[in-house]
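Structure file model-v7.cif (mmCIF, C-alpha atoms) follows.
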```cif
data_protein
#
loop_
_atom_site.group_PDB
_atom_site.id
_atom_site.type_symbol
_atom_site.label_atom_id
_atom_site.label_comp_id
_atom_site.auth_asym_id
_atom_site.auth_seq_id
_atom_site.Cartn_x
_atom_site.Cartn_y
_atom_site.Cartn_z
ATOM 1 C CA MET A 35 12.132 -31.458 -0.238
ATOM 2 C CA LYS A 36 8.450 -31.406 -1.153
ATOM 3 C CA LYS A 37 6.386 -28.549 0.185
ATOM 4 C CA LYS A 38 2.678 -27.860 0.475
ATOM 5 C CA ALA A 39 1.083 -25.563 -2.133
ATOM 6 C CA ILE A 40 0.454 -22.697 0.293
ATOM 7 C CA ILE A 41 1.996 -19.441 1.478
ATOM 8 C CA ILE A 42 0.961 -18.896 5.091
ATOM 9 C CA SER A 43 1.088 -15.911 7.450
ATOM 10 C CA ILE A 44 1.562 -15.480 11.188
ATOM 11 C CA LYS A 45 -0.110 -13.318 13.823
ATOM 12 C CA GLY A 46 2.570 -11.538 15.819
ATOM 13 C CA THR A 47 6.160 -10.302 16.108
ATOM 14 C CA LYS A 48 7.411 -13.675 17.405
ATOM 15 C CA LEU A 49 6.698 -17.245 16.412
ATOM 16 C CA SER A 50 4.282 -19.016 18.742
ATOM 17 C CA SER A 51 4.973 -22.638 19.672
ATOM 18 C CA LYS A 52 2.214 -23.790 17.306
ATOM 19 C CA GLU A 53 3.639 -21.687 14.468
ATOM 20 C CA LYS A 54 7.101 -23.182 15.071
ATOM 21 C CA LEU A 55 5.596 -26.657 14.904
ATOM 22 C CA LEU A 56 3.721 -25.816 11.720
ATOM 23 C CA LEU A 57 6.869 -24.505 10.005
ATOM 24 C CA SER A 58 9.018 -27.444 11.063
ATOM 25 C CA LYS A 59 6.507 -30.272 10.467
ATOM 26 C CA GLU A 60 3.986 -29.159 7.851
ATOM 27 C CA LYS A 61 6.307 -27.589 5.229
ATOM 28 C CA PRO A 62 4.414 -24.659 3.644
ATOM 29 C CA TRP A 63 5.957 -23.341 0.398
ATOM 30 C CA GLY A 64 6.514 -19.898 1.918
ATOM 31 C CA LEU A 65 5.428 -17.253 4.414
ATOM 32 C CA ILE A 66 4.293 -13.647 3.923
ATOM 33 C CA LEU A 67 4.969 -10.872 6.440
ATOM 34 C CA PHE A 68 2.758 -7.916 7.342
ATOM 35 C CA LYS A 69 2.972 -4.742 9.416
ATOM 36 C CA ARG A 70 1.636 -6.657 12.425
ATOM 37 C CA ASN A 71 4.789 -8.801 12.319
ATOM 38 C CA ILE A 72 7.277 -5.914 12.239
ATOM 39 C CA LYS A 73 8.274 -3.785 15.232
ATOM 40 C CA SER A 74 11.963 -2.945 14.687
ATOM 41 C CA PHE A 75 14.939 -3.894 12.539
ATOM 42 C CA THR A 76 16.440 -6.235 15.162
ATOM 43 C CA GLN A 77 13.076 -7.852 15.907
ATOM 44 C CA ILE A 78 12.192 -8.564 12.264
ATOM 45 C CA LYS A 79 15.695 -9.840 11.538
ATOM 46 C CA ASN A 80 15.407 -12.260 14.472
ATOM 47 C CA LEU A 81 11.914 -13.334 13.407
ATOM 48 C CA VAL A 82 13.110 -14.137 9.879
ATOM 49 C CA LYS A 83 16.115 -15.992 11.297
ATOM 50 C CA ASN A 84 13.785 -18.104 13.453
ATOM 51 C CA ILE A 85 11.483 -18.834 10.520
ATOM 52 C CA LYS A 86 14.424 -20.132 8.477
ATOM 53 C CA LYS A 87 15.767 -22.069 11.467
ATOM 54 C CA ASN A 88 12.432 -23.850 11.969
ATOM 55 C CA THR A 89 12.072 -24.678 8.273
ATOM 56 C CA LYS A 90 15.746 -25.724 8.022
ATOM 57 C CA ASP A 91 15.861 -23.895 4.685
ATOM 58 C CA LYS A 92 18.153 -20.901 4.107
ATOM 59 C CA ASN A 93 16.247 -20.108 0.886
ATOM 60 C CA PHE A 94 12.810 -20.497 2.478
ATOM 61 C CA PRO A 95 10.541 -18.043 0.597
ATOM 62 C CA ILE A 96 9.758 -15.092 2.842
ATOM 63 C CA LEU A 97 7.527 -12.584 1.103
ATOM 64 C CA ILE A 98 6.606 -9.004 1.832
ATOM 65 C CA ASP A 99 4.409 -6.459 0.079
ATOM 66 C CA GLU A 100 6.758 -3.476 0.136
ATOM 67 C CA GLU A 101 5.625 -1.062 -2.551
ATOM 68 C CA GLY A 102 6.247 2.202 -0.708
ATOM 69 C CA SER A 103 3.861 5.014 0.273
ATOM 70 C CA THR A 104 0.382 3.565 0.970
ATOM 71 C CA VAL A 105 1.532 -0.080 0.914
ATOM 72 C CA SER A 106 4.543 -0.335 3.194
ATOM 73 C CA ARG A 107 4.975 -3.035 5.840
ATOM 74 C CA LEU A 108 8.427 -1.802 6.891
ATOM 75 C CA GLY A 109 7.361 1.624 8.165
ATOM 76 C CA ASN A 110 9.156 1.069 11.486
ATOM 77 C CA VAL A 111 12.348 0.039 9.691
ATOM 78 C CA PHE A 112 12.599 1.774 6.319
ATOM 79 C CA LYS A 113 10.570 4.895 5.546
ATOM 80 C CA HIS A 114 10.136 5.501 1.841
ATOM 81 C CA ASN A 115 7.155 7.731 1.275
ATOM 82 C CA ILE A 116 7.308 7.376 -2.480
ATOM 83 C CA ASP A 117 5.125 5.457 -4.904
ATOM 84 C CA CYS A 118 5.197 3.879 -8.355
ATOM 85 C CA TYR A 119 3.169 6.699 -9.857
ATOM 86 C CA PHE A 120 5.935 9.167 -8.977
ATOM 87 C CA PHE A 121 8.427 7.240 -11.120
ATOM 88 C CA GLY A 122 5.904 6.658 -13.908
ATOM 89 C CA ASN A 123 5.045 10.351 -14.030
ATOM 90 C CA LEU A 124 8.722 11.361 -14.012
ATOM 91 C CA TYR A 125 9.338 8.926 -16.881
ATOM 92 C CA LYS A 126 6.989 10.975 -19.090
ATOM 93 C CA TYR A 127 9.231 14.036 -18.718
ATOM 94 C CA ASP A 128 12.719 12.529 -18.517
ATOM 95 C CA LYS A 129 13.191 8.811 -19.126
ATOM 96 C CA LYS A 130 16.884 8.776 -18.216
ATOM 97 C CA ILE A 131 16.481 10.525 -14.847
ATOM 98 C CA ALA A 132 13.412 8.438 -14.008
ATOM 99 C CA LEU A 133 15.209 5.157 -14.754
ATOM 100 C CA ASN A 134 18.373 6.131 -12.876
ATOM 101 C CA LEU A 135 16.420 7.277 -9.812
ATOM 102 C CA TYR A 136 14.167 4.228 -9.860
ATOM 103 C CA LYS A 137 17.109 1.829 -10.087
ATOM 104 C CA LEU A 138 18.838 3.559 -7.159
ATOM 105 C CA TYR A 139 15.629 3.323 -5.151
ATOM 106 C CA LEU A 140 15.224 -0.392 -5.931
ATOM 107 C CA ARG A 141 18.834 -1.156 -4.985
ATOM 108 C CA SER A 142 18.352 0.622 -1.674
ATOM 109 C CA LEU A 143 15.119 -1.266 -0.978
ATOM 110 C CA CYS A 144 16.645 -4.625 -1.954
ATOM 111 C CA LYS A 145 19.637 -3.969 0.300
ATOM 112 C CA ILE A 146 17.326 -3.498 3.299
ATOM 113 C CA LEU A 147 15.296 -6.608 2.449
ATOM 114 C CA LYS A 148 18.457 -8.712 2.147
ATOM 115 C CA LYS A 149 19.772 -7.460 5.492
ATOM 116 C CA ILE A 150 16.519 -8.559 7.092
ATOM 117 C CA GLY A 151 16.525 -11.887 5.246
ATOM 118 C CA ILE A 152 13.432 -11.315 3.095
ATOM 119 C CA ASN A 153 13.897 -12.746 -0.403
ATOM 120 C CA ILE A 154 10.621 -12.046 -2.255
ATOM 121 C CA ASN A 155 8.931 -8.668 -2.720
ATOM 122 C CA THR A 156 5.436 -8.690 -4.235
ATOM 123 C CA ILE A 157 6.198 -5.916 -6.714
ATOM 124 C CA PRO A 158 5.712 -4.610 -9.395
ATOM 125 C CA VAL A 159 2.037 -3.666 -9.674
ATOM 126 C CA LEU A 160 1.370 -3.907 -13.427
ATOM 127 C CA ASP A 161 -2.219 -2.671 -13.293
ATOM 128 C CA ILE A 162 -2.958 0.227 -15.635
ATOM 129 C CA LEU A 163 -4.726 3.296 -14.287
ATOM 130 C CA ARG A 164 -8.106 4.111 -15.816
ATOM 131 C CA ASN A 165 -10.503 6.970 -15.072
ATOM 132 C CA HIS A 166 -12.563 4.625 -12.895
ATOM 133 C CA THR A 167 -9.733 2.578 -11.297
ATOM 134 C CA ASN A 168 -10.485 1.924 -7.632
ATOM 135 C CA LYS A 169 -8.306 3.819 -5.146
ATOM 136 C CA ILE A 170 -7.062 0.473 -3.765
ATOM 137 C CA ILE A 171 -4.768 0.510 -6.828
ATOM 138 C CA GLY A 172 -4.403 4.282 -7.307
ATOM 139 C CA ARG A 173 -0.801 5.495 -7.134
ATOM 140 C CA ARG A 174 0.411 1.920 -6.680
ATOM 141 C CA SER A 175 0.236 1.853 -10.487
ATOM 142 C CA PHE A 176 3.067 3.362 -12.520
ATOM 143 C CA SER A 177 0.827 5.022 -15.071
ATOM 144 C CA GLU A 178 -2.267 5.172 -17.241
ATOM 145 C CA LYS A 179 0.084 4.522 -20.179
ATOM 146 C CA LYS A 180 0.599 0.827 -20.811
ATOM 147 C CA GLU A 181 4.096 1.264 -22.302
ATOM 148 C CA ILE A 182 5.332 3.001 -19.144
ATOM 149 C CA VAL A 183 3.836 0.319 -16.895
ATOM 150 C CA LYS A 184 5.491 -2.419 -18.962
ATOM 151 C CA LYS A 185 8.901 -0.712 -19.116
ATOM 152 C CA LEU A 186 9.124 0.102 -15.398
ATOM 153 C CA GLY A 187 7.827 -3.367 -14.587
ATOM 154 C CA GLN A 188 10.654 -4.917 -16.616
ATOM 155 C CA VAL A 189 13.207 -2.670 -14.896
ATOM 156 C CA THR A 190 11.845 -3.721 -11.479
ATOM 157 C CA ILE A 191 12.347 -7.417 -12.218
ATOM 158 C CA GLN A 192 15.811 -7.003 -13.768
ATOM 159 C CA GLU A 193 17.086 -4.781 -10.956
ATOM 160 C CA CYS A 194 15.660 -6.848 -8.098
ATOM 161 C CA ASN A 195 16.837 -10.151 -9.582
ATOM 162 C CA SER A 196 20.352 -8.705 -9.979
ATOM 163 C CA GLN A 197 20.204 -7.962 -6.222
ATOM 164 C CA ARG A 198 18.965 -11.542 -5.556
ATOM 165 C CA ILE A 199 15.417 -10.491 -4.684
ATOM 166 C CA ILE A 200 12.538 -12.290 -6.439
ATOM 167 C CA ASN A 201 9.454 -10.435 -7.688
ATOM 168 C CA VAL A 202 5.737 -11.157 -7.917
ATOM 169 C CA ILE A 203 3.954 -9.362 -10.757
ATOM 170 C CA LYS A 204 0.368 -8.451 -9.932
ATOM 171 C CA HIS A 205 -2.570 -8.464 -10.318
ATOM 172 C CA ILE A 206 -2.662 -10.698 -13.384
ATOM 173 C CA PRO A 207 -4.452 -10.346 -15.838
ATOM 174 C CA GLY A 208 -5.143 -6.749 -14.698
ATOM 175 C CA HIS A 209 -6.940 -4.941 -11.841
ATOM 176 C CA GLY A 210 -6.855 -1.383 -13.203
ATOM 177 C CA CYS A 211 -10.033 -1.980 -15.222
ATOM 178 C CA SER A 212 -12.063 -2.448 -12.002
ATOM 179 C CA SER A 213 -13.804 0.250 -9.958
ATOM 180 C CA VAL A 214 -14.304 -2.111 -7.001
ATOM 181 C CA ASP A 215 -11.890 -3.074 -4.198
ATOM 182 C CA SER A 216 -11.582 -6.872 -4.251
ATOM 183 C CA HIS A 217 -10.747 -6.877 -0.523
ATOM 184 C CA LEU A 218 -14.363 -5.851 0.107
ATOM 185 C CA SER A 219 -16.433 -7.438 -2.672
ATOM 186 C CA MET A 220 -16.114 -9.178 -6.026
ATOM 187 C CA PRO A 221 -15.361 -6.761 -8.904
ATOM 188 C CA LYS A 222 -17.127 -7.460 -12.196
ATOM 189 C CA VAL A 223 -15.595 -6.244 -15.445
ATOM 190 C CA SER A 224 -17.673 -6.404 -18.626
ATOM 191 C CA LEU A 225 -15.023 -5.224 -21.102
ATOM 192 C CA GLU A 226 -14.513 -7.221 -24.278
ATOM 193 C CA LYS A 227 -11.494 -9.542 -24.446
ATOM 194 C CA LYS A 228 -10.085 -7.494 -27.343
ATOM 195 C CA ILE A 229 -9.977 -4.284 -25.232
ATOM 196 C CA LEU A 230 -8.518 -6.108 -22.212
ATOM 197 C CA ASN A 231 -5.863 -7.654 -24.445
ATOM 198 C CA GLN A 232 -4.891 -4.288 -25.951
ATOM 199 C CA ILE A 233 -4.619 -2.519 -22.593
ATOM 200 C CA ASP A 234 -4.763 -4.477 -19.335
ATOM 201 C CA PHE A 235 -3.031 -7.684 -20.424
ATOM 202 C CA TYR A 236 -0.242 -5.798 -22.196
ATOM 203 C CA PRO A 237 2.199 -5.097 -19.287
ATOM 204 C CA PHE A 238 2.103 -8.745 -18.199
ATOM 205 C CA LYS A 239 3.107 -10.143 -21.597
ATOM 206 C CA SER A 240 6.598 -11.647 -22.065
ATOM 207 C CA SER A 241 7.442 -11.017 -18.410
ATOM 208 C CA SER A 242 10.540 -12.708 -17.034
ATOM 209 C CA ALA A 243 9.026 -12.747 -13.523
ATOM 210 C CA LYS A 244 9.193 -16.068 -11.702
ATOM 211 C CA LEU A 245 5.968 -15.410 -9.776
ATOM 212 C CA ALA A 246 2.626 -13.745 -10.494
ATOM 213 C CA MET A 247 -0.421 -13.027 -8.319
ATOM 214 C CA THR A 248 -3.982 -13.246 -9.594
ATOM 215 C CA ALA A 249 -6.652 -10.547 -9.630
ATOM 216 C CA HIS A 250 -9.855 -11.609 -7.853
ATOM 217 C CA ILE A 251 -12.012 -10.211 -10.669
ATOM 218 C CA LEU A 252 -14.891 -11.631 -12.664
ATOM 219 C CA TYR A 253 -14.275 -10.814 -16.349
ATOM 220 C CA SER A 254 -17.811 -11.550 -17.533
ATOM 221 C CA LYS A 255 -17.074 -11.554 -21.284
ATOM 222 C CA ILE A 256 -14.454 -14.294 -20.792
ATOM 223 C CA ASP A 257 -15.926 -16.368 -17.949
ATOM 224 C CA SER A 258 -19.333 -15.213 -16.713
ATOM 225 C CA LYS A 259 -19.412 -17.626 -13.761
ATOM 226 C CA ASN A 260 -15.958 -17.663 -12.183
ATOM 227 C CA VAL A 261 -13.719 -15.030 -10.671
ATOM 228 C CA SER A 262 -10.338 -15.272 -12.450
ATOM 229 C CA THR A 263 -8.647 -17.054 -9.518
ATOM 230 C CA PHE A 264 -11.264 -19.833 -9.872
ATOM 231 C CA SER A 265 -11.380 -19.775 -13.675
ATOM 232 C CA SER A 266 -9.491 -22.518 -15.501
ATOM 233 C CA LYS A 267 -10.480 -20.767 -18.739
ATOM 234 C CA ILE A 268 -8.841 -17.466 -17.748
ATOM 235 C CA ILE A 269 -5.769 -19.171 -16.295
ATOM 236 C CA ARG A 270 -5.320 -21.520 -19.246
ATOM 237 C CA GLU A 271 -6.393 -19.336 -22.191
ATOM 238 C CA ILE A 272 -5.481 -15.838 -20.970
ATOM 239 C CA ILE A 273 -2.734 -16.002 -18.320
ATOM 240 C CA ARG A 274 -0.842 -19.003 -19.710
ATOM 241 C CA LYS A 275 -1.587 -18.772 -23.441
ATOM 242 C CA LYS A 276 -2.405 -15.176 -24.500
ATOM 243 C CA ILE A 277 -0.235 -13.425 -21.885
ATOM 244 C CA GLY A 278 2.274 -16.258 -21.934
ATOM 245 C CA PHE A 279 3.179 -16.279 -18.238
ATOM 246 C CA LYS A 280 5.555 -19.178 -17.610
ATOM 247 C CA GLY A 281 6.197 -18.919 -13.863
ATOM 248 C CA ILE A 282 4.464 -19.896 -10.620
ATOM 249 C CA LEU A 283 0.928 -18.530 -10.320
ATOM 250 C CA ILE A 284 -0.169 -17.510 -6.815
ATOM 251 C CA SER A 285 -3.750 -16.753 -5.851
ATOM 252 C CA ASP A 286 -4.300 -13.385 -4.237
ATOM 253 C CA ASP A 287 -5.297 -13.714 -0.570
ATOM 254 C CA ILE A 288 -8.032 -16.342 -0.272
ATOM 255 C CA SER A 289 -9.498 -14.582 2.789
ATOM 256 C CA MET A 290 -10.522 -11.548 0.698
ATOM 257 C CA LYS A 291 -14.255 -10.892 0.358
ATOM 258 C CA ALA A 292 -14.156 -11.122 -3.448
ATOM 259 C CA LEU A 293 -14.141 -14.898 -2.925
ATOM 260 C CA LYS A 294 -17.458 -16.106 -1.570
ATOM 261 C CA TYR A 295 -16.699 -19.565 -0.180
ATOM 262 C CA ASP A 296 -15.023 -20.790 3.007
ATOM 263 C CA LEU A 297 -11.215 -20.783 3.091
ATOM 264 C CA VAL A 298 -10.731 -24.457 2.287
ATOM 265 C CA THR A 299 -13.138 -24.277 -0.672
ATOM 266 C CA ASN A 300 -11.447 -21.084 -1.899
ATOM 267 C CA ALA A 301 -8.086 -22.854 -1.715
ATOM 268 C CA LYS A 302 -9.285 -25.968 -3.532
ATOM 269 C CA LYS A 303 -11.051 -23.985 -6.260
ATOM 270 C CA SER A 304 -7.925 -21.846 -6.848
ATOM 271 C CA LEU A 305 -5.679 -24.886 -7.226
ATOM 272 C CA ALA A 306 -8.206 -26.786 -9.359
ATOM 273 C CA ALA A 307 -8.410 -23.814 -11.744
ATOM 274 C CA GLY A 308 -4.649 -23.761 -12.264
ATOM 275 C CA CYS A 309 -3.093 -21.661 -9.506
ATOM 276 C CA ASN A 310 0.122 -23.316 -8.327
ATOM 277 C CA LEU A 311 0.079 -21.838 -4.823
ATOM 278 C CA ILE A 312 -2.557 -20.290 -2.591
ATOM 279 C CA LEU A 313 -1.942 -17.253 -0.409
ATOM 280 C CA TYR A 314 -3.464 -16.920 3.055
ATOM 281 C CA CYS A 315 -2.858 -13.596 4.800
ATOM 282 C CA ALA A 316 -5.003 -13.494 7.967
ATOM 283 C CA GLY A 317 -2.510 -15.482 10.081
ATOM 284 C CA ASN A 318 -5.018 -17.464 12.132
ATOM 285 C CA ILE A 319 -3.190 -20.557 13.369
ATOM 286 C CA LYS A 320 -6.272 -22.820 13.218
ATOM 287 C CA ASP A 321 -6.920 -21.788 9.628
ATOM 288 C CA ASN A 322 -3.243 -22.225 8.752
ATOM 289 C CA TYR A 323 -3.450 -25.833 9.940
ATOM 290 C CA LYS A 324 -6.838 -26.423 8.329
ATOM 291 C CA LEU A 325 -5.556 -25.139 4.985
ATOM 292 C CA ILE A 326 -2.177 -26.847 5.040
ATOM 293 C CA ASN A 327 -3.900 -30.173 5.706
ATOM 294 C CA SER A 328 -6.322 -29.545 2.827
ATOM 295 C CA VAL A 329 -3.897 -28.615 0.060
ATOM 296 C CA PRO A 330 -1.637 -31.005 -1.852
ATOM 297 C CA TYR A 331 2.126 -30.962 -2.148
ATOM 298 C CA ILE A 332 3.447 -28.768 -4.951
ATOM 299 C CA ASP A 333 3.481 -30.362 -8.410
ATOM 300 C CA LYS A 334 6.532 -31.025 -10.613
ATOM 301 C CA PHE A 335 6.131 -27.722 -12.470
ATOM 302 C CA THR A 336 6.175 -25.691 -9.225
ATOM 303 C CA LEU A 337 9.096 -27.747 -7.902
ATOM 304 C CA LYS A 338 11.094 -27.001 -11.062
ATOM 305 C CA LYS A 339 10.270 -23.296 -10.960
ATOM 306 C CA THR A 340 11.167 -23.152 -7.241
ATOM 307 C CA SER A 341 14.606 -24.548 -8.156
ATOM 308 C CA GLU A 342 14.991 -21.724 -10.691
ATOM 309 C CA ILE A 343 14.155 -19.203 -7.944
ATOM 310 C CA ASN A 344 16.738 -20.776 -5.630
ATOM 311 C CA LYS A 345 19.435 -20.333 -8.321
ATOM 312 C CA ILE A 346 18.780 -16.574 -8.349
ATOM 313 C CA LEU A 347 18.846 -16.425 -4.537
ATOM 314 C CA ARG A 348 22.274 -18.095 -4.246
#
```
The structure given in the file should be rewritten as C-alpha cells.
Amino acid sequence: MKKKAIIISIKGTKLSSKEKLLLSKEKPWGLILFKRNIKSFTQIKNLVKNIKKNTKDKNFPILIDEEGSTVSRLGNVFKHNIDCYFFGNLYKYDKKIALNLYKLYLRSLCKILKKIGININTIPVLDILRNHTNKIIGRRSFSEKKEIVKKLGQVTIQECNSQRIINVIKHIPGHGCSSVDSHLSMPKVSLEKKILNQIDFYPFKSSSAKLAMTAHILYSKIDSKNVSTFSSKIIREIIRKKIGFKGILISDDISMKALKYDLVTNAKKSLAAGCNLILYCAGNIKDNYKLINSVPYIDKFTLKKTSEINKILR
C-alpha cells in the first residue's frame, strides 16, 4: 500500500475524530509520539492500538524519541534517569562492563516499547561532543571521542534490531559541531569539510541503520545557501556518497525555527533536496491535513526500504 512521504503527530492522549479520519483515509508513512500523548501504560497502549486499527497496518511505523534522562517521553510509564554520556564515560574505564550494562538497558527499554506497540525509537544520537556543543545535545551524546560514539551507536542498532525495534540515527551529518539550538534558530557551522569528515561525519559512516534524521544546520563551507535538510549537495555528496548512508532519510521536525519558511514550503524543499520523508511534530490537525495533501506518495526507494523494515519487525 502506498503511503504519503510524511510522519505526522497528534495533539492529545486519544485520537480525535479528525485524526482517525486522517489515519484511515490519508495514509501517512508513520506517526511520532510525544509526552503530551502519554498519560499511563494502559492509555498509551490503547492509543497505539487505535492508531494501528485506523491505519489497518500492524507494522504501522510508530516512533518515539526515548533517549533517557533529559529526552524521555515515557516518564509516566518507564523512568530511566540515565543518559548516553553515562555509558560513553563508563566505556573509557571498562569497555566490557559498559557494553554489558548498555545492552541490558537497551533490552529493557525495547521490551517496554514492544509491550506498548511502539516499533521505532529515534536513537542513537551520533553527534560528537565539542567544547562549544550546545546543551540541546549535551549528555545526549555518548562522548567527545568519535570511536566511542561510533561503537556504542553500532551496539544500539544491533541490540534494538535483535529485539525487533528499528532505530533512527541522528542528527546526520553531525550536530555536535554547532553551538546553537536548531529548535530556536538556524545554526551556522564554518568548519572545513576535511575537519567535519574526520570528526563529525565519522560515527555515521557504514551504519546499518534503516533510518536517519537530518541536522538543521548550515555548513557554510559545503553549501553557503542551504541548511542541510534543504541542501541537495549535502544530501547527495555528503550523506549519500561520503558517509554512505543507504537507508531512509527523514528531515528533522519541519516546524523548528532553524527552517525559515512556512510548513508546506519546508516540506517541499526537504523532499526536493533528497529527504525521503518529512517529520512534523507540532500535531496541529489543520497543518497535518495541509501537509499530507501537499506531499507526494513515497518513491520506489522508500517503499523498498520500508519493506526491509517490516522484515525486521515480523
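The residue set within 10 Å of Lys137 of chain A, counting only C-alpha atoms and dropping same-chain residues fewer than 4 places from it, reads A:Ile131, A:Ala132, A:Leu133, A:Arg141, A:Ser142, A:Leu143, A:Leu186, A:Val189, A:Thr190, A:Gln192, A:Glu193, A:Cys194.
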Pull C-alpha atoms from the residues just selected and write them as a PDB file, in the frame of the given file.
```
ATOM      1  CA  ILE A 131      16.481  10.525 -14.847  1.00  0.00           C
ATOM      2  CA  ALA A 132      13.412   8.438 -14.008  1.00  0.00           C
ATOM      3  CA  LEU A 133      15.209   5.157 -14.754  1.00  0.00           C
ATOM      4  CA  ARG A 141      18.834  -1.156  -4.985  1.00  0.00           C
ATOM      5  CA  SER A 142      18.352   0.622  -1.674  1.00  0.00           C
ATOM      6  CA  LEU A 143      15.119  -1.266  -0.978  1.00  0.00           C
ATOM      7  CA  LEU A 186       9.124   0.102 -15.398  1.00  0.00           C
ATOM      8  CA  VAL A 189      13.207  -2.670 -14.896  1.00  0.00           C
ATOM      9  CA  THR A 190      11.845  -3.721 -11.479  1.00  0.00           C
ATOM     10  CA  GLN A 192      15.811  -7.003 -13.768  1.00  0.00           C
ATOM     11  CA  GLU A 193      17.086  -4.781 -10.956  1.00  0.00           C
ATOM     12  CA  CYS A 194      15.660  -6.848  -8.098  1.00  0.00           C
TER      13      CYS A 194
END
```
For this session: Kindly resolve the PyMOL selection byres ((chain A and resi 309) around 7) on the present coordinates and return the residues as a ChimeraX atom specification.
Result: /A:283-285,304-305,307-308,310-311
Written file, previous selection with C-alpha atoms, as a PDB file, in the frame of the given file:
```pdb
ATOM      1  CA  LEU A 283       0.928 -18.530 -10.320  1.00  0.00           C
ATOM      2  CA  ILE A 284      -0.169 -17.510  -6.815  1.00  0.00           C
ATOM      3  CA  SER A 285      -3.750 -16.753  -5.851  1.00  0.00           C
ATOM      4  CA  SER A 304      -7.925 -21.846  -6.848  1.00  0.00           C
ATOM      5  CA  LEU A 305      -5.679 -24.886  -7.226  1.00  0.00           C
ATOM      6  CA  ALA A 307      -8.410 -23.814 -11.744  1.00  0.00           C
ATOM      7  CA  GLY A 308      -4.649 -23.761 -12.264  1.00  0.00           C
ATOM      8  CA  ASN A 310       0.122 -23.316  -8.327  1.00  0.00           C
ATOM      9  CA  LEU A 311       0.079 -21.838  -4.823  1.00  0.00           C
TER      10      LEU A 311
END
```
For this session: Please write the residues picked by the PyMOL selection byres ((chain A and resi 164-171) around 12) on this file as a ChimeraX atom specification.
Result: /A:101,104-105,117-119,158-163,172-180,204-205,208-218,221,223,233-234,249
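Applied to the shown file, the PyMOL selection byres ((chain A and resi 92) around 12) selects the residues Gly64, Val82, Lys83, Asn84, Ile85, Lys86, Lys87, Asn88, Thr89, Lys90, Asp91, Asn93, Phe94, Pro95, Ile96, Gly151, Ile152, Asn153, Asn344, Leu347 and Arg348 of chain A.
Distances to Leu57 of chain A were evaluated for A:Lys37, A:Lys73, A:Lys239, A:Lys227 using all atoms listed in the file, and the minimum falls at A:Lys37.
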